[in-house]
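Trainee: Got a structure here, written out as structure tokens. Questions coming.
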Amino acid sequence: MSTLILAQAAAAQISYHTAGAQFKKCDYQTNVQTILTGIPAAVTGLNCIHMTSPVTGFIGTVTAPTNIYSFTLAGNVVTLGNSGNPLNTSATVGGNIAELAEHGGYLYFTTQGGTGGGALQRMKMTGGGDPGQLQGR
């Protein structure tokens, strides 16, 4: 399960059930979870989330080909940015996007199953261009 705090005592989360991943909004004051709608059926394998504000963020997928999408949240409806297309224009190094973070106009993310078991990569938050694998020392 991937969870990020939205505002006050609410959070957005991706949780897994026998029916697959569900994208939820959770209010921890009232203990109410609401399944969010609007994600197209073609976007499968939701795996991680990074909120950049209470109503905008990014999601990563686990199902090949793994992709990163931007989104906005209005009430209980998710709308994908970039006309519903992934922000990455080529394949990520490895699959299973596991974590997302932002810094300096870039979105950093990890994958599992790439070279050496996984890879740290980055791409512009606005999309376009190919994800670049970062090299460690």
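In the structure tokens, the first chain shown is A, the next is B, and so on; residue numbers restart at 1 for each chain, and ligands run from 1 in the order shown.
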May I have all residues of region 7-125 of chain A that DSSP, computed from the backbone, assigns to helix (DSSP H, G or I), given as a PyMOL selection string?

Mentor: chain A and resi 82-84+115-117

Trainee: Restricted to C-alpha atoms, what would the selected residues look like written as a compact mmCIF listing (two decimals), in the first residue's frame?

Mentor:
```txt
# COMPACT_ATOMS: atom_id res chain seq x y z
CA ASN A 82 -1.22 14.84 -20.46
CA SER A 83 -4.47 13.83 -22.25
CA GLY A 84 -4.42 10.55 -20.30
CA THR A 115 19.87 -3.73 -13.86
CA GLY A 116 21.17 -5.05 -10.55
CA GLY A 117 17.65 -5.60 -9.23
```

Trainee: Please indicate the distance in Å from CA of Tyr106 (chain A) to CA of Thr56 (chain A), rounded to one decimal place.

Mentor: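 Calculated distance between CA of Tyr106 (chain A) and CA of Thr56 (chain A) is 15.4 Å.
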
Trainee: Restricting the calculation to only C-alpha atoms: of A:Thr79, A:Thr66, A:Asn88, A:Gln121, which residue gets closest to Pro40 (chain A)?

Mentor: A:Thr79

Trainee: For each of A:Ser70, A:Thr92, A:Gln112, A:Asn76, take the minimum atom-to-atom distance to Thr52 (chain A), counting only C-alpha atoms, then give the residue where this is smallest.

Mentor: A:Ser70

Trainee: Near Leu107 (chain A), within 9 Å and counting only C-alpha atoms, which residues show up once chain neighbours fewer than 5 positions away are dropped, as a PyMOL selection string?

Mentor: chain A and resi 100-102+121-126

Trainee: Figure out the distance between CA of Phe23 (chain A) and CA of Ile35 (chain A), please, to one decimal in Å.

Mentor: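 For CA of Ile35 (chain A) relative to CA of Phe23 (chain A), the distance reads 5.9 Å.
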
Trainee: Using only C-alpha atoms for the distances, tell me which of A:Pro131, A:Gly75, A:Gly60, A:Pro54 is nearest to Ile97 (chain A).

Mentor: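 Distance minimum relative to Ile97 (chain A) lands on A:Gly60.
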
Trainee: Just checking: using only C-alpha atoms, which residue out of A:Glu99, A:Tyr69, A:Thr110, A:Gly94 ends up closest to Val43 (chain A)?

Mentor: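 Distance minimum relative to Val43 (chain A) lands on A:Tyr69.
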